[in-house]
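Data first, discussion second: the structure below is written as structure tokens.
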Amino acid sequence: MARRTDDRRRAERKGRLAEALAAACLLSKGYRLLALRYRTPLGEIDLIARKRDLVVFVEVKARRAERLAIDAVSDGAARRIRGASDLWLARQPDGHRLSLRYDIIAVRPFRLPRHFPDAF
């Protein structure tokens, strides 16, 4: 049982580090972070960022290869993220004039994160 707990903690730390690296990647591209780990009854969005009237909902995946990161976002996960983004958007006073995009950021060991805009 202790091993499962240790594995879970290690995975949690890895995920938080990957999200921090992905956030730094977006900031370096001129985005402003609006939310980190945004939770709704429909699902969680890893990062929400904005640049002018564009809001990006980002799924962050830490994998050994970019292809594995992209493939790790299933159709079901994409639907949950879209549903959660609809809830977020409904709470925004300027939501009617925002453009939306769904991105993936792949975080690989010892490499800079790779941003895949409009991934799903």
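Ordering of the structure tokens sets the chain letters (A, B, ...); residue numbers start at 1 within each chain; ligands are numbered from 1 in the order shown.
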Considering only C-alpha atoms, return as a ChimeraX atom specification whatever protein or nucleic-acid residues lie within 7 Å of Ser99 (chain A), sequence-local ones (same chain, fewer than 6 positions apart) excluded.
/A:53-55
Skip region 78-83 of chain A itself and residues of its chain fewer than 4 positions away, then list as a VMD selection string all residues within 10 Å of it, counting only C-alpha atoms.
chain A and resid 39 to 46 57 to 59 73 to 74 87 to 89 101 to 102 119 to 120
Can you pull out every residue from region 27-106 of chain A that DSSP, working from the backbone, puts in alpha helix (DSSP H), and format the result as an NGL selection string?
:A and (27-28 or 66-71 or 75-90)
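Residues of region 14-85 of chain A assigned to strand (DSSP E) by DSSP on this structure's backbone: Arg32, Leu33, Leu34, Ala35, Leu36, Arg37, Tyr38, Arg39, Thr40, Gly43, Glu44, Ile45, Asp46, Leu47, Ile48, Ala49, Arg50, Lys51, Leu54, Val55, Val56, Phe57, Val58, Glu59, Val60, Lys61 and Ala62 of chain A.
Between CA of Arg32 (chain A) and CA of Glu66 (chain A) there is a distance of 24.3 Å.
If you look at CA of Gln92 (chain A) and CA of Asp75 (chain A), they are 25.9 Å away from each other.
One distance worth recording is that between CA of Glu12 (chain A) and CA of Tyr31 (chain A), which is 24.9 Å.
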Just the residues within 12 Å of Lys29 (chain A), please, counting only C-alpha atoms, with nothing from its chain fewer than 6 positions along; format it as a ChimeraX atom specification.
/A:22-23,49-51,114-115
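Minimum distance to Arg67 (chain A) across A:Leu33, A:Ile104, A:Leu21, A:Leu27 (counting only C-alpha atoms) occurs at A:Ile104.
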